[in-house]
$ cat query_16.txt   # compact mmCIF, C-alpha atoms
# COMPACT_ATOMS: atom_id res chain seq x y z
CA MET Q 212 77.29 90.60 153.95
CA GLU Q 213 78.60 93.70 155.73
CA ALA Q 214 80.11 94.25 159.19
CA TYR Q 215 79.69 97.40 161.26
CA LEU Q 216 81.40 98.53 164.45
CA VAL Q 217 78.63 99.26 166.98
CA GLY Q 218 77.81 100.20 170.55
CA GLY Q 219 80.32 101.31 173.13
CA ALA Q 220 83.29 101.42 170.76
CA VAL Q 221 81.54 103.98 168.53
CA ARG Q 222 80.20 105.91 171.52
CA ASP Q 223 83.61 106.14 173.15
CA GLN Q 224 85.21 107.27 169.90
CA ILE Q 225 82.66 110.10 169.55
CA MET Q 226 83.24 111.08 173.20
CA GLY Q 227 87.00 110.99 172.80
CA PHE Q 228 87.54 108.05 175.15
CA GLU Q 229 89.64 104.98 174.61
CA SER Q 230 87.48 101.90 174.17
CA LYS Q 231 88.49 98.54 175.62
CA ASP Q 232 86.14 96.32 173.61
CA ARG Q 233 84.97 96.36 170.01
CA ASP Q 234 81.69 94.73 169.03
CA TRP Q 235 80.42 94.21 165.49
CA VAL Q 236 77.06 93.66 163.82
CA VAL Q 237 76.88 91.64 160.62
CA VAL Q 238 74.11 92.38 158.12
CA GLY Q 239 73.08 89.98 155.38
CA ALA Q 240 74.65 86.86 156.84
CA THR Q 241 73.47 83.57 158.32
CA ALA Q 242 74.88 81.44 161.11
CA LYS Q 243 75.85 78.81 158.56
CA LYS Q 244 77.83 81.33 156.54
CA MET Q 245 79.61 82.68 159.64
CA LEU Q 246 80.68 79.18 160.64
CA LYS Q 247 81.89 78.48 157.11
CA LEU Q 248 84.11 81.59 157.35
CA GLY Q 249 85.78 80.22 160.48
CA PHE Q 250 83.85 82.12 163.15
CA LYS Q 251 83.07 80.29 166.40
CA GLN Q 252 79.50 80.56 167.69
CA VAL Q 253 79.14 81.48 171.39
CA GLY Q 254 75.60 82.85 171.67
CA LYS Q 255 72.80 80.59 172.86
CA ASN Q 256 69.70 82.80 172.64
CA PHE Q 257 70.86 84.54 169.45
CA PRO Q 258 73.81 84.07 167.10
CA VAL Q 259 77.02 85.69 168.36
CA PHE Q 260 80.37 84.67 166.96
CA LEU Q 261 84.05 85.14 167.74
CA HIS Q 262 86.32 86.29 164.93
CA PRO Q 263 88.84 83.54 164.12
CA SER Q 264 91.87 85.82 164.58
CA THR Q 265 90.89 88.96 166.55
CA ARG Q 266 88.46 87.10 168.89
CA GLU Q 267 86.18 90.13 168.76
CA GLU Q 268 82.42 89.52 168.92
CA TYR Q 269 80.34 89.58 165.75
CA ALA Q 270 76.56 89.32 166.14
CA LEU Q 271 74.04 88.84 163.39
CA ALA Q 272 71.76 91.84 163.02
CA ARG Q 273 68.57 91.10 164.88
CA ALA Q 274 65.15 92.44 165.77
CA GLU Q 275 63.19 91.53 168.88
CA ARG Q 276 59.60 91.16 170.01
CA LYS Q 277 58.32 91.41 173.58
CA THR Q 278 56.47 88.27 174.68
CA SER Q 279 56.29 88.59 178.49
CA LYS Q 280 57.50 90.74 181.35
CA GLY Q 281 61.11 90.75 182.47
CA TYR Q 282 64.58 90.53 181.00
CA HIS Q 283 64.02 87.16 179.33
CA GLY Q 284 60.59 87.96 177.87
CA PHE Q 285 61.76 88.45 174.27
CA GLU Q 286 61.83 86.59 170.99
CA PHE Q 287 64.69 87.39 168.62
CA ASP Q 288 64.77 87.37 164.84
CA SER Q 289 68.22 87.22 163.21
CA HIS Q 290 67.05 86.59 159.66
CA CYS Q 291 69.52 87.73 157.01
CA GLN Q 292 67.02 90.37 155.83
CA ILE Q 293 67.19 92.31 159.14
CA THR Q 294 68.65 95.78 158.45
CA LEU Q 295 71.27 97.69 160.41
CA GLN Q 296 68.68 100.29 161.42
CA GLN Q 297 66.37 97.60 162.79
CA ASP Q 298 69.25 96.28 164.88
CA LEU Q 299 70.18 99.74 166.19
CA GLN Q 300 66.55 100.56 166.96
CA ARG Q 301 66.31 97.78 169.56
CA ARG Q 302 69.20 99.23 171.59
CA ASP Q 303 68.70 101.09 174.85
CA LEU Q 304 70.23 104.58 174.47
CA THR Q 305 70.87 106.81 171.49
CA MET Q 306 74.56 107.05 172.45
CA ASN Q 307 74.71 103.26 172.10
CA ALA Q 308 72.70 103.10 168.86
CA MET Q 309 75.37 104.32 166.46
CA ALA Q 310 77.46 102.30 164.02
CA MET Q 311 80.52 102.81 161.87
CA ASP Q 312 81.34 101.10 158.61
CA CYS Q 313 84.75 99.80 157.57
CA GLN Q 314 85.59 103.17 155.99
CA GLY Q 315 84.94 105.03 159.23
CA ASN Q 316 81.62 106.54 158.17
CA LEU Q 317 79.18 107.14 161.04
CA ILE Q 318 75.65 105.71 160.84
CA ASP Q 319 73.49 107.56 163.38
CA PRO Q 320 69.76 107.16 162.65
CA PHE Q 321 68.64 108.13 166.18
CA SER Q 322 70.79 111.25 166.74
CA GLY Q 323 73.13 109.75 169.29
CA GLN Q 324 75.91 112.15 168.31
CA ARG Q 325 73.60 115.12 168.93
CA ASP Q 326 72.61 113.79 172.36
CA ILE Q 327 76.28 113.30 173.25
CA LYS Q 328 76.95 116.91 172.26
CA GLU Q 329 74.04 118.04 174.42
CA LYS Q 330 75.15 115.66 177.23
CA LEU Q 331 71.85 113.81 177.30
CA ILE Q 332 71.22 110.18 178.21
CA ARG Q 333 68.16 109.40 176.10
CA HIS Q 334 66.26 106.25 175.12
CA VAL Q 335 66.10 105.18 171.48
CA SER Q 336 62.42 104.29 171.16
CA ALA Q 337 59.31 103.22 173.04
CA ALA Q 338 60.76 99.69 173.06
CA PHE Q 339 62.98 100.92 175.90
CA LYS Q 340 60.18 100.31 178.40
CA GLU Q 341 59.99 96.62 177.52
CA ASP Q 342 63.25 95.74 179.28
CA PRO Q 343 63.48 96.58 183.03
CA VAL Q 344 67.27 96.18 183.05
CA ARG Q 345 67.42 99.41 181.08
CA VAL Q 346 66.31 101.35 184.15
CA LEU Q 347 69.44 100.10 185.89
CA ARG Q 348 71.60 100.81 182.86
CA VAL Q 349 70.40 104.41 182.59
CA ALA Q 350 71.21 104.92 186.27
CA ARG Q 351 74.67 103.40 185.75
CA PHE Q 352 75.39 105.53 182.69
CA ALA Q 353 74.28 108.58 184.67
CA ALA Q 354 76.84 107.61 187.34
CA ARG Q 355 79.54 107.06 184.72
CA TYR Q 356 79.13 110.43 183.02
CA ALA Q 357 78.00 112.58 185.95
CA GLY Q 358 81.44 114.15 186.18
CA LYS Q 359 81.14 115.18 182.51
CA GLY Q 360 77.86 117.01 183.07
CA TYR Q 361 75.54 114.42 181.53
CA ARG Q 362 71.92 114.14 182.66
CA VAL Q 363 68.98 111.84 181.99
CA ALA Q 364 66.60 113.29 179.38
CA ALA Q 365 63.22 114.29 180.76
CA ASP Q 366 61.26 111.99 178.43
CA THR Q 367 63.49 109.06 179.40
CA GLN Q 368 62.95 109.88 183.07
CA GLU Q 369 59.17 109.82 182.49
CA MET Q 370 59.40 106.45 180.75
CA MET Q 371 61.39 105.01 183.69
CA VAL Q 372 58.68 106.23 186.08
CA ASP Q 373 56.05 104.52 183.92
CA MET Q 374 58.04 101.28 184.01
CA VAL Q 375 58.01 101.38 187.80
CA ASP Q 376 54.32 102.23 187.96
CA ASN Q 377 53.25 99.47 185.57
CA GLY Q 378 55.23 96.80 187.43
CA GLU Q 379 57.83 96.11 184.74
CA VAL Q 380 60.66 96.75 187.24
CA ASP Q 381 59.19 94.09 189.54
CA ALA Q 382 60.30 91.47 187.01
CA LEU Q 383 64.01 92.24 187.52
CA VAL Q 384 65.96 89.18 188.63
CA ALA Q 385 68.39 89.35 191.52
CA GLU Q 386 71.44 88.51 189.41
CA ARG Q 387 70.94 91.49 187.08
CA VAL Q 388 70.26 93.88 189.95
CA TRP Q 389 73.49 92.84 191.65
CA GLN Q 390 75.41 92.88 188.37
CA GLU Q 391 74.40 96.46 187.57
CA MET Q 392 74.81 97.66 191.15
CA HIS Q 393 78.27 96.10 191.36
CA ALA Q 394 79.18 97.76 188.06
CA SER Q 395 77.98 101.12 189.45
CA PHE Q 396 80.53 100.84 192.25
CA GLN Q 397 83.21 100.91 189.57
CA GLU Q 398 82.00 104.27 188.27
CA LYS Q 399 83.45 107.44 189.76
CA HIS Q 400 80.10 108.82 190.95
CA CYS Q 401 78.28 105.71 192.14
CA ALA Q 402 75.95 107.75 194.39
CA VAL Q 403 74.27 108.99 191.20
CA PHE Q 404 73.20 105.42 190.41
CA PHE Q 405 71.11 105.24 193.58
CA ARG Q 406 69.90 108.84 193.23
CA GLU Q 407 68.55 108.14 189.73
CA LEU Q 408 66.84 104.95 190.87
CA ARG Q 409 65.13 106.91 193.61
CA ASN Q 410 64.11 109.69 191.21
CA CYS Q 411 62.06 107.23 189.16
CA GLY Q 412 60.76 105.23 192.13
CA ALA Q 413 62.77 102.10 191.34
CA LEU Q 414 64.89 102.24 194.50
CA GLU Q 415 61.88 101.44 196.68
CA LYS Q 416 61.15 98.38 194.53
CA ILE Q 417 64.71 97.10 194.14
CA LEU Q 418 66.49 98.20 197.31
CA PRO Q 419 63.75 99.05 199.86
CA GLU Q 420 66.22 98.89 202.77
CA ILE Q 421 68.15 101.83 201.29
CA ASP Q 422 65.08 103.75 200.15
CA ALA Q 423 63.74 103.58 203.72
CA LEU Q 424 66.64 105.77 204.92
CA PHE Q 425 65.40 108.84 203.06
CA GLY Q 426 63.37 111.11 205.31
CA VAL Q 427 64.80 109.60 208.52
CA PRO Q 428 66.19 112.48 210.63
CA GLN Q 429 69.53 112.47 212.46
CA THR Q 430 70.89 114.71 215.21
CA GLU Q 431 71.70 118.02 213.52
CA LYS Q 432 74.72 118.64 215.78
CA TYR Q 433 76.54 115.69 214.27
CA HIS Q 434 74.70 115.54 210.93
CA PRO Q 435 73.97 119.01 209.50
CA GLU Q 436 72.47 117.30 206.44
CA ILE Q 437 69.88 115.73 208.83
CA ASP Q 438 68.37 113.27 206.31
CA THR Q 439 69.94 109.79 206.62
CA GLY Q 440 69.46 108.99 202.93
CA ILE Q 441 71.34 112.14 201.96
CA HIS Q 442 74.06 111.16 204.44
CA ILE Q 443 74.47 107.79 202.70
CA LEU Q 444 74.82 109.42 199.28
CA MET Q 445 77.36 111.87 200.70
CA CYS Q 446 79.27 108.95 202.23
CA LEU Q 447 79.40 107.29 198.81
CA ASP Q 448 80.69 110.53 197.29
CA ALA Q 449 83.39 110.64 199.96
CA ALA Q 450 84.25 106.97 199.50
CA ASP Q 451 84.63 107.47 195.74
CA GLN Q 452 87.50 109.84 196.51
CA LEU Q 453 89.19 107.30 198.77
CA THR Q 454 88.82 103.90 197.11
CA ASP Q 455 87.83 102.10 193.93
CA ASN Q 456 87.23 98.81 195.75
CA PRO Q 457 83.57 97.85 195.16
CA MET Q 458 83.46 95.85 198.40
CA ASN Q 459 84.31 98.98 200.40
CA LEU Q 460 81.68 101.03 198.56
CA PHE Q 461 79.05 98.35 199.14
CA ALA Q 462 79.79 98.41 202.88
CA VAL Q 463 79.54 102.22 202.96
CA LEU Q 464 76.15 102.00 201.25
CA LEU Q 465 74.78 99.66 203.92
CA HIS Q 466 76.54 100.81 207.10
CA ASP Q 467 73.58 102.81 208.47
CA LEU Q 468 70.63 100.61 207.46
CA GLY Q 469 69.71 100.28 211.13
CA LYS Q 470 68.70 103.94 211.29
CA ALA Q 471 65.57 103.14 209.28
CA LEU Q 472 64.52 100.87 212.17
CA THR Q 473 65.00 103.37 214.99
CA PRO Q 474 61.76 103.76 217.02
CA ILE Q 475 60.08 107.06 216.23
CA SER Q 476 60.09 107.98 219.92
CA GLU Q 477 63.91 107.93 219.94
CA LEU Q 478 64.46 110.11 216.85
CA PRO Q 479 66.63 111.92 215.88
CA SER Q 480 69.02 109.85 218.03
CA HIS Q 481 69.97 106.42 216.74
CA ARG Q 482 71.52 104.57 219.64
CA GLY Q 483 71.99 100.92 218.79
CA HIS Q 484 71.57 101.38 215.05
CA GLU Q 485 74.81 99.47 214.41
CA LYS Q 486 73.16 96.32 215.82
CA ARG Q 487 69.76 96.93 214.26
CA GLY Q 488 71.38 97.22 210.84
CA LEU Q 489 72.66 93.65 210.76
CA LYS Q 490 69.31 92.03 209.96
CA PRO Q 491 68.43 94.19 206.93
CA ILE Q 492 71.95 93.72 205.55
CA LYS Q 493 71.52 89.96 205.75
CA GLN Q 494 68.10 90.20 204.10
CA LEU Q 495 69.37 92.37 201.24
CA CYS Q 496 72.41 90.16 200.62
CA GLU Q 497 70.34 87.00 200.62
CA ARG Q 498 67.76 88.45 198.24
CA LEU Q 499 70.39 89.63 195.73
CA ASN Q 500 72.74 86.65 196.14
CA VAL Q 501 75.57 88.97 197.16
CA PRO Q 502 78.99 87.25 197.36
CA SER Q 503 79.82 86.06 200.87
CA GLN Q 504 82.93 88.23 201.26
CA TYR Q 505 80.89 91.37 200.48
CA ARG Q 506 78.22 90.33 202.96
CA SER Q 507 80.73 89.54 205.71
CA PHE Q 508 82.61 92.82 205.32
CA ALA Q 509 79.43 94.93 205.19
CA LEU Q 510 78.27 93.34 208.44
CA LYS Q 511 81.61 94.15 210.10
CA VAL Q 512 81.53 97.78 209.00
CA CYS Q 513 77.93 98.17 210.18
CA GLU Q 514 78.51 96.60 213.57
CA PHE Q 515 81.84 98.18 214.44
CA HIS Q 516 82.08 101.57 212.67
CA LEU Q 517 81.21 103.41 215.87
CA HIS Q 518 84.16 101.71 217.60
CA CYS Q 519 86.48 103.44 215.15
CA HIS Q 520 84.90 106.85 215.78
CA ARG Q 521 85.62 106.54 219.51
CA ILE Q 522 88.72 104.36 219.43
CA GLY Q 523 90.74 106.98 221.31
CA GLN Q 524 88.68 106.11 224.38
CA LEU Q 525 89.11 102.34 224.19
CA LYS Q 526 91.39 100.21 226.34
CA ALA Q 527 94.08 98.02 224.80
CA THR Q 528 92.09 94.83 225.41
CA THR Q 529 89.03 96.33 223.72
CA VAL Q 530 91.11 97.46 220.75
CA MET Q 531 92.51 93.95 220.47
CA ARG Q 532 89.01 92.44 220.45
CA LEU Q 533 88.00 94.88 217.73
CA LEU Q 534 90.97 93.94 215.54
CA GLU Q 535 90.16 90.26 216.03
CA LYS Q 536 86.48 90.71 215.17
CA LEU Q 537 87.51 92.57 212.04
CA ASP Q 538 89.75 89.60 211.13
CA GLY Q 539 92.69 91.97 211.12
CA PHE Q 540 95.38 89.34 211.66
CA ARG Q 541 94.18 86.66 209.27
CA LYS Q 542 93.20 89.23 206.62
CA PRO Q 543 95.11 92.41 207.53
CA GLU Q 544 93.96 94.19 204.35
CA LEU Q 545 90.44 94.37 205.79
CA ILE Q 546 91.55 96.90 208.41
CA GLY Q 547 92.56 99.37 205.72
CA GLY Q 548 89.21 98.93 203.99
CA PHE Q 549 87.35 99.29 207.28
CA ALA Q 550 89.28 102.50 208.04
CA LEU Q 551 88.38 103.93 204.61
CA CYS Q 552 84.69 103.19 205.23
CA CYS Q 553 84.84 104.96 208.60
CA LEU Q 554 86.57 107.97 207.06
CA ALA Q 555 83.87 108.13 204.38
CA ASP Q 556 81.25 108.04 207.15
CA LYS Q 557 83.01 110.93 208.85
CA ARG Q 558 83.21 112.99 205.65
CA GLY Q 559 79.69 112.20 204.47
CA ARG Q 560 78.23 115.16 206.32
CA CYS Q 561 77.51 118.73 205.25
CA GLY Q 562 80.50 120.93 205.99
CA HIS Q 563 82.81 118.01 206.81
CA GLU Q 564 83.58 116.76 203.31
CA GLN Q 565 87.35 117.33 203.58
CA GLU Q 566 87.72 116.59 207.28
CA ASN Q 567 90.50 114.32 208.52
CA HIS Q 568 89.74 111.63 211.07
CA ASP Q 569 92.43 111.15 213.70
CA GLN Q 570 90.65 108.07 215.03
CA VAL Q 571 91.22 106.32 211.71
CA ASN Q 572 94.95 107.00 211.99
CA LEU Q 573 94.89 105.73 215.54
CA LEU Q 574 93.18 102.49 214.50
CA LEU Q 575 95.78 101.93 211.79
CA GLU Q 576 98.62 102.65 214.22
CA TYR Q 577 97.25 100.12 216.72
CA HIS Q 578 96.94 97.56 213.94
CA ARG Q 579 100.49 98.14 212.67
CA ALA Q 580 101.87 97.80 216.19
CA ALA Q 581 99.99 94.55 216.83
CA LEU Q 582 101.03 93.09 213.48
CA ALA Q 583 104.67 93.89 214.26
CA VAL Q 584 104.70 91.38 217.12
CA ASP Q 585 106.98 88.51 216.07
CA GLY Q 586 104.84 85.40 216.56
CA GLY Q 587 107.75 83.04 215.96
CA LYS Q 588 109.85 84.78 218.59
CA VAL Q 589 107.02 84.62 221.12
CA ALA Q 590 106.49 80.92 220.37
CA ASN Q 591 110.19 80.20 221.00
CA GLN Q 592 110.02 82.07 224.30
CA VAL Q 593 107.04 79.97 225.38
CA ARG Q 594 108.90 76.77 224.49
CA GLN Q 595 112.03 77.87 226.34
CA GLN Q 596 110.07 78.73 229.47
CA ALA Q 597 108.29 75.38 229.35
CA SER Q 598 111.55 73.45 229.04
CA ALA Q 599 113.16 75.20 231.99
CA GLY Q 600 112.84 74.45 235.70
CA ASN Q 601 109.54 73.16 237.01
CA ASN Q 602 107.92 73.50 233.58
CA MET Q 603 110.03 70.65 232.19
CA GLY Q 604 107.05 68.39 231.77
CA SER Q 605 104.61 71.02 230.59
CA LYS Q 606 102.91 70.30 227.31
CA ILE Q 607 103.32 73.02 224.70
CA THR Q 608 100.05 73.56 222.90
CA GLY Q 609 99.01 75.83 220.08
CA ALA Q 610 96.50 77.44 222.42
CA LYS Q 611 99.29 78.47 224.84
CA ILE Q 612 101.36 79.98 222.06
CA LYS Q 613 98.31 81.76 220.63
CA ALA Q 614 97.46 83.19 224.06
CA ALA Q 615 101.04 84.40 224.52
CA ILE Q 616 101.04 86.13 221.13
CA ARG Q 617 97.71 87.77 221.93
CA LYS Q 618 99.02 88.98 225.28
CA GLN Q 619 102.08 90.47 223.60
CA ARG Q 620 99.92 92.26 221.05
CA ILE Q 621 97.77 93.77 223.80
CA GLU Q 622 100.88 94.96 225.62
CA THR Q 623 102.20 96.51 222.41
CA ILE Q 624 98.91 98.35 221.82
CA ALA Q 625 99.01 99.54 225.44
CA GLN Q 626 102.48 100.96 224.84
CA VAL Q 627 101.20 102.96 221.87
CA ILE Q 628 98.38 104.30 224.03
CA ALA Q 629 100.82 105.20 226.81
CA LYS Q 630 103.11 107.09 224.46
CA GLY Q 631 100.21 109.30 223.51
CA LYS Q 632 101.75 110.22 220.17
CA LEU Q 633 98.36 110.07 218.49
CA GLN Q 634 96.25 111.26 221.42
CA THR Q 635 93.33 113.24 219.99
CA ALA Q 636 90.25 114.97 221.23
CA PHE Q 637 87.19 112.78 221.74
CA CYS Q 638 85.28 112.23 218.52
CA PRO Q 639 81.53 111.88 218.96
CA CYS Q 640 80.04 108.56 217.86
CA LEU Q 641 78.13 110.35 215.08
CA SER Q 642 74.84 108.93 216.29
$ encode --input "query_16.txt" --output "structure tokens"
Amino acid sequence: MEAYLVGGAVRDQIMGFESKDRDWVVVGATAKKMLKLGFKQVGKNFPVFLHPSTREEYALARAERKTSKGYHGFEFDSHCQITLQQDLQRRDLTMNAMAMDCQGNLIDPFSGQRDIKEKLIRHVSAAFKEDPVRVLRVARFAARYAGKGYRVAADTQEMMVDMVDNGEVDALVAERVWQEMHASFQEKHCAVFFRELRNCGALEKILPEIDALFGVPQTEKYHPEIDTGIHILMCLDAADQLTDNPMNLFAVLLHDLGKALTPISELPSHRGHEKRGLKPIKQLCERLNVPSQYRSFALKVCEFHLHCHRIGQLKATTVMRLLEKLDGFRKPELIGGFALCCLADKRGRCGHEQENHDQVNLLLEYHRAALAVDGGKVANQVRQQASAGNNMGSKITGAKIKAAIRKQRIETIAQVIAKGKLQTAFCPCLS
């Protein structure tokens, strides 16, 4: 019975990164023996155990056999005669198929260390094409290491294309698609995830609403990059520099879905795309079982991002309605996220990557001013007015107090507008 450190911990050590988790493979053991040693079994489909003191995961070495399409279409063999090399061979990428013994000696039967040196993301064996989740994982690893100069190996790229063509990717379940996509938002170059999926044809299968944006022209005056799909990827690049909140990045990804539905006769203009985009967002979120808070925020960004771009032209009452629709008083943190998404939209254009957006600052200033209104003070004033003179018998209701607070907020926003401290030139709606 021997234990080997495997997977990400070994990979990160070779790359010079600090690893958060350490996983182990045990060769020559049985589940009965692991339990006798005090390990606690947690795996259902195959034996995985928690170490009694470190709580690190120890899995019995295993081999696998493909039985049907999809992520669950495998049979596993964890017999005590399974070798370390057999276990490593079933893994997805060579950089993940290395092990280290207790003396620190590297076991690298598939040249993972060489591929790391050459900055290649490469599959281990032909078994790669049996698991469609690996297409998503390659795209995510490409996003993770894009800033380090890594690229997907040509033969791996070809295998991913084959997996799309033979329908293996069609077997992906919604939960795994969302899981990998959500994880990609936590990488520093998440746009690469979607670019790689498109390169192999998987984006059309998995996220057709996003794939449909590529090739859709925009007005060159406002969008020098012209192609809407390219604009979305540039927006994600810009957003990566502004936020690490996956909910914000998800909203940026979807904010222009309506442009794929613009009638051909109206191109390259996209008037009304903010309304047309709501339906495909709902469809995508329902299909992938996206969490409700992500769905709600993405819909808000889609519907109202043009309001931010032209907020300098809005009246105080209109600004107030916008803040209310964005839920800016019940959940004030959403305004900051919305502003970041709008700034990413502004910067996601060729030649405008570092551009500031005065309208974003103006939105935030309006929001700060409205939030500063003392609701308790306004409520007391309403009560005092009602108890004086002819209003002695007036009934004080929550609706009256709420209306008075809203009125005060509108007046405060109007004062900011009147001061003109943040008056800026008109910003086009970026249609």
$ residues_near_point --input "query_16.txt" --point "(98.6, 98.3, 213.1)" --cutoff "10 Å" --atoms "all atoms listed in the file" --output "list in words"
Leu534, Gly539, Phe540, Pro543, Ile546, Gly547, Asn572, Leu573, Leu574, Leu575, Glu576, Tyr577, His578, Arg579, Ala580, Ala581, Leu582, Ala583 and Ile624 of chain Q
$ residues_around --input "query_16.txt" --residues "Q:Leu554" --least-positions-apart "2" --cutoff "9 Å" --atoms "only C-alpha atoms" --output "PyMOL selection string"
chain Q and resi 446+449-450+453+520+549-552+556-559+566-568+570-571
$ write_last_selection --input "query_16.txt" --atoms "C-alpha atoms" --output "short mmCIF file (atom, residue, chain, number, x, y, z; two decimals), keeping the file's coordinate frame"
data_model
loop_
_atom_site.label_atom_id
_atom_site.label_comp_id
_atom_site.auth_asym_id
_atom_site.auth_seq_id
_atom_site.Cartn_x
_atom_site.Cartn_y
_atom_site.Cartn_z
CA CYS Q 446 79.27 108.95 202.23
CA ALA Q 449 83.39 110.64 199.96
CA ALA Q 450 84.25 106.97 199.50
CA LEU Q 453 89.19 107.30 198.77
CA HIS Q 520 84.90 106.85 215.78
CA PHE Q 549 87.35 99.29 207.28
CA ALA Q 550 89.28 102.50 208.04
CA LEU Q 551 88.38 103.93 204.61
CA CYS Q 552 84.69 103.19 205.23
CA ASP Q 556 81.25 108.04 207.15
CA LYS Q 557 83.01 110.93 208.85
CA ARG Q 558 83.21 112.99 205.65
CA GLY Q 559 79.69 112.20 204.47
CA GLU Q 566 87.72 116.59 207.28
CA ASN Q 567 90.50 114.32 208.52
CA HIS Q 568 89.74 111.63 211.07
CA GLN Q 570 90.65 108.07 215.03
CA VAL Q 571 91.22 106.32 211.71
#
$ closest_residue --input "query_16.txt" --among "Q:Cys513, Q:Arg482, Q:Glu398, Q:Met226" --to "Q:Lys328" --atoms "all atoms listed in the file"
Q:Met226
$ closest_residue --input "query_16.txt" --among "Q:Asp288, Q:Glu420, Q:Glu268, Q:Asp319" --to "Q:Cys496" --atoms "only C-alpha atoms"
Q:Glu420
$ atom_distance --input "query_16.txt" --atom1 "atom CA of Q:Ser480" --atom2 "atom CA of Q:Leu533"
24.2 Å
$ atom_distance --input "query_16.txt" --atom1 "atom CA of Q:Leu545" --atom2 "atom CA of Q:Ala462"
11.8 Å
$ closest_residue --input "query_16.txt" --among "Q:Ile225, Q:Met458, Q:Cys291, Q:Ala274" --to "Q:Ala240" --atoms "all atoms listed in the file"
Q:Cys291
$ residues_near_point --input "query_16.txt" --point "(61.3, 97.5, 188.5)" --cutoff "7 Å" --atoms "all atoms listed in the file" --output "compact mmCIF listing (two decimals) with C-alpha atoms, in the frame of the given file"
# COMPACT_ATOMS: atom_id res chain seq x y z
CA PRO Q 343 63.48 96.58 183.03
CA MET Q 374 58.04 101.28 184.01
CA VAL Q 375 58.01 101.38 187.80
CA GLY Q 378 55.23 96.80 187.43
CA GLU Q 379 57.83 96.11 184.74
CA VAL Q 380 60.66 96.75 187.24
CA ASP Q 381 59.19 94.09 189.54
CA ALA Q 382 60.30 91.47 187.01
CA LEU Q 383 64.01 92.24 187.52
CA ALA Q 413 62.77 102.10 191.34
CA LYS Q 416 61.15 98.38 194.53
CA ILE Q 417 64.71 97.10 194.14
$ residues_around --input "query_16.txt" --residues "stretch 465-471 of chain Q" --least-positions-apart "4" --cutoff "7 Å" --atoms "all atoms listed in the file" --output "VMD selection string"
chain Q and resid 420 to 421 423 to 424 427 461 481 484 to 485 487 to 488 491 to 492 509 512 to 513
$ closest_residue --input "query_16.txt" --among "Q:Ile437, Q:Tyr361, Q:Asp376, Q:Val346" --to "Q:Phe405" --atoms "only C-alpha atoms"
Q:Val346
$ residues_around --input "query_16.txt" --residues "stretch 299-302 of chain Q" --least-positions-apart "4" --cutoff "9 Å" --atoms "all atoms listed in the file" --output "PyMOL selection string"
chain Q and resi 217-218+272-275+294-295+307-310+319-321+334-336+338-339
$ closest_residue --input "query_16.txt" --among "Q:Thr473, Q:Gln592, Q:Asn377, Q:Gln252" --to "Q:Tyr269" --atoms "only C-alpha atoms"
Q:Gln252
$ residues_around --input "query_16.txt" --residues "stretch 628-631 of chain Q" --least-positions-apart "6" --cutoff "9 Å" --atoms "all atoms listed in the file" --output "PyMOL selection string"
chain Q and resi 523+526-527+577
$ closest_residue --input "query_16.txt" --among "Q:His434, Q:Lys486, Q:His393, Q:Arg541" --to "Q:Val501" --atoms "only C-alpha atoms"
Q:His393
$ atom_distance --input "query_16.txt" --atom1 "atom CA of Q:Glu415" --atom2 "atom CA of Q:Glu431"
25.6 Å
$ residues_around --input "query_16.txt" --residues "Q:Met306" --least-positions-apart "5" --cutoff "8 Å" --atoms "all atoms listed in the file" --output "MDAnalysis selection string"
chainID Q and resid 218 222 323:324 326:327 332:333
$ axis_aligned_box --input "query_16.txt" --around "stretch 390-407 of chain Q" --padding-each-side "3 Å" --output "lines of an AutoDock Vina configuration file"
center_x = 76.0
center_y = 100.9
center_z = 191.0
size_x = 20.9
size_y = 22.1
size_z = 12.8
$ decode --input "query_16.txt" --residues "stretch 421-428 of chain Q" --atoms "N, CA and C atoms" --output "PDB file, in the first residue's frame"
ATOM      1  N   ILE Q 421     -24.968  33.146 -27.102  1.00  0.00           N
ATOM      2  CA  ILE Q 421     -23.723  33.919 -27.160  1.00  0.00           C
ATOM      3  C   ILE Q 421     -23.050  33.717 -28.508  1.00  0.00           C
ATOM      4  N   ASP Q 422     -23.034  32.483 -28.990  1.00  0.00           N
ATOM      5  CA  ASP Q 422     -22.412  32.202 -30.285  1.00  0.00           C
ATOM      6  C   ASP Q 422     -23.074  33.011 -31.400  1.00  0.00           C
ATOM      7  N   ALA Q 423     -24.376  33.258 -31.263  1.00  0.00           N
ATOM      8  CA  ALA Q 423     -25.119  33.982 -32.299  1.00  0.00           C
ATOM      9  C   ALA Q 423     -24.663  35.433 -32.450  1.00  0.00           C
ATOM     10  N   LEU Q 424     -23.940  35.966 -31.464  1.00  0.00           N
ATOM     11  CA  LEU Q 424     -23.494  37.357 -31.527  1.00  0.00           C
ATOM     12  C   LEU Q 424     -22.327  37.550 -32.488  1.00  0.00           C
ATOM     13  N   PHE Q 425     -21.575  36.490 -32.738  1.00  0.00           N
ATOM     14  CA  PHE Q 425     -20.408  36.610 -33.612  1.00  0.00           C
ATOM     15  C   PHE Q 425     -20.863  36.758 -35.071  1.00  0.00           C
ATOM     16  N   GLY Q 426     -20.302  37.759 -35.724  1.00  0.00           N
ATOM     17  CA  GLY Q 426     -20.687  38.061 -37.098  1.00  0.00           C
ATOM     18  C   GLY Q 426     -21.787  39.098 -37.205  1.00  0.00           C
ATOM     19  N   VAL Q 427     -22.367  39.518 -36.077  1.00  0.00           N
ATOM     20  CA  VAL Q 427     -23.417  40.543 -36.100  1.00  0.00           C
ATOM     21  C   VAL Q 427     -22.739  41.918 -36.067  1.00  0.00           C
ATOM     22  N   PRO Q 428     -22.941  42.746 -37.097  1.00  0.00           N
ATOM     23  CA  PRO Q 428     -22.249  44.038 -37.157  1.00  0.00           C
ATOM     24  C   PRO Q 428     -22.892  45.095 -36.261  1.00  0.00           C
TER      25      PRO Q 428
END
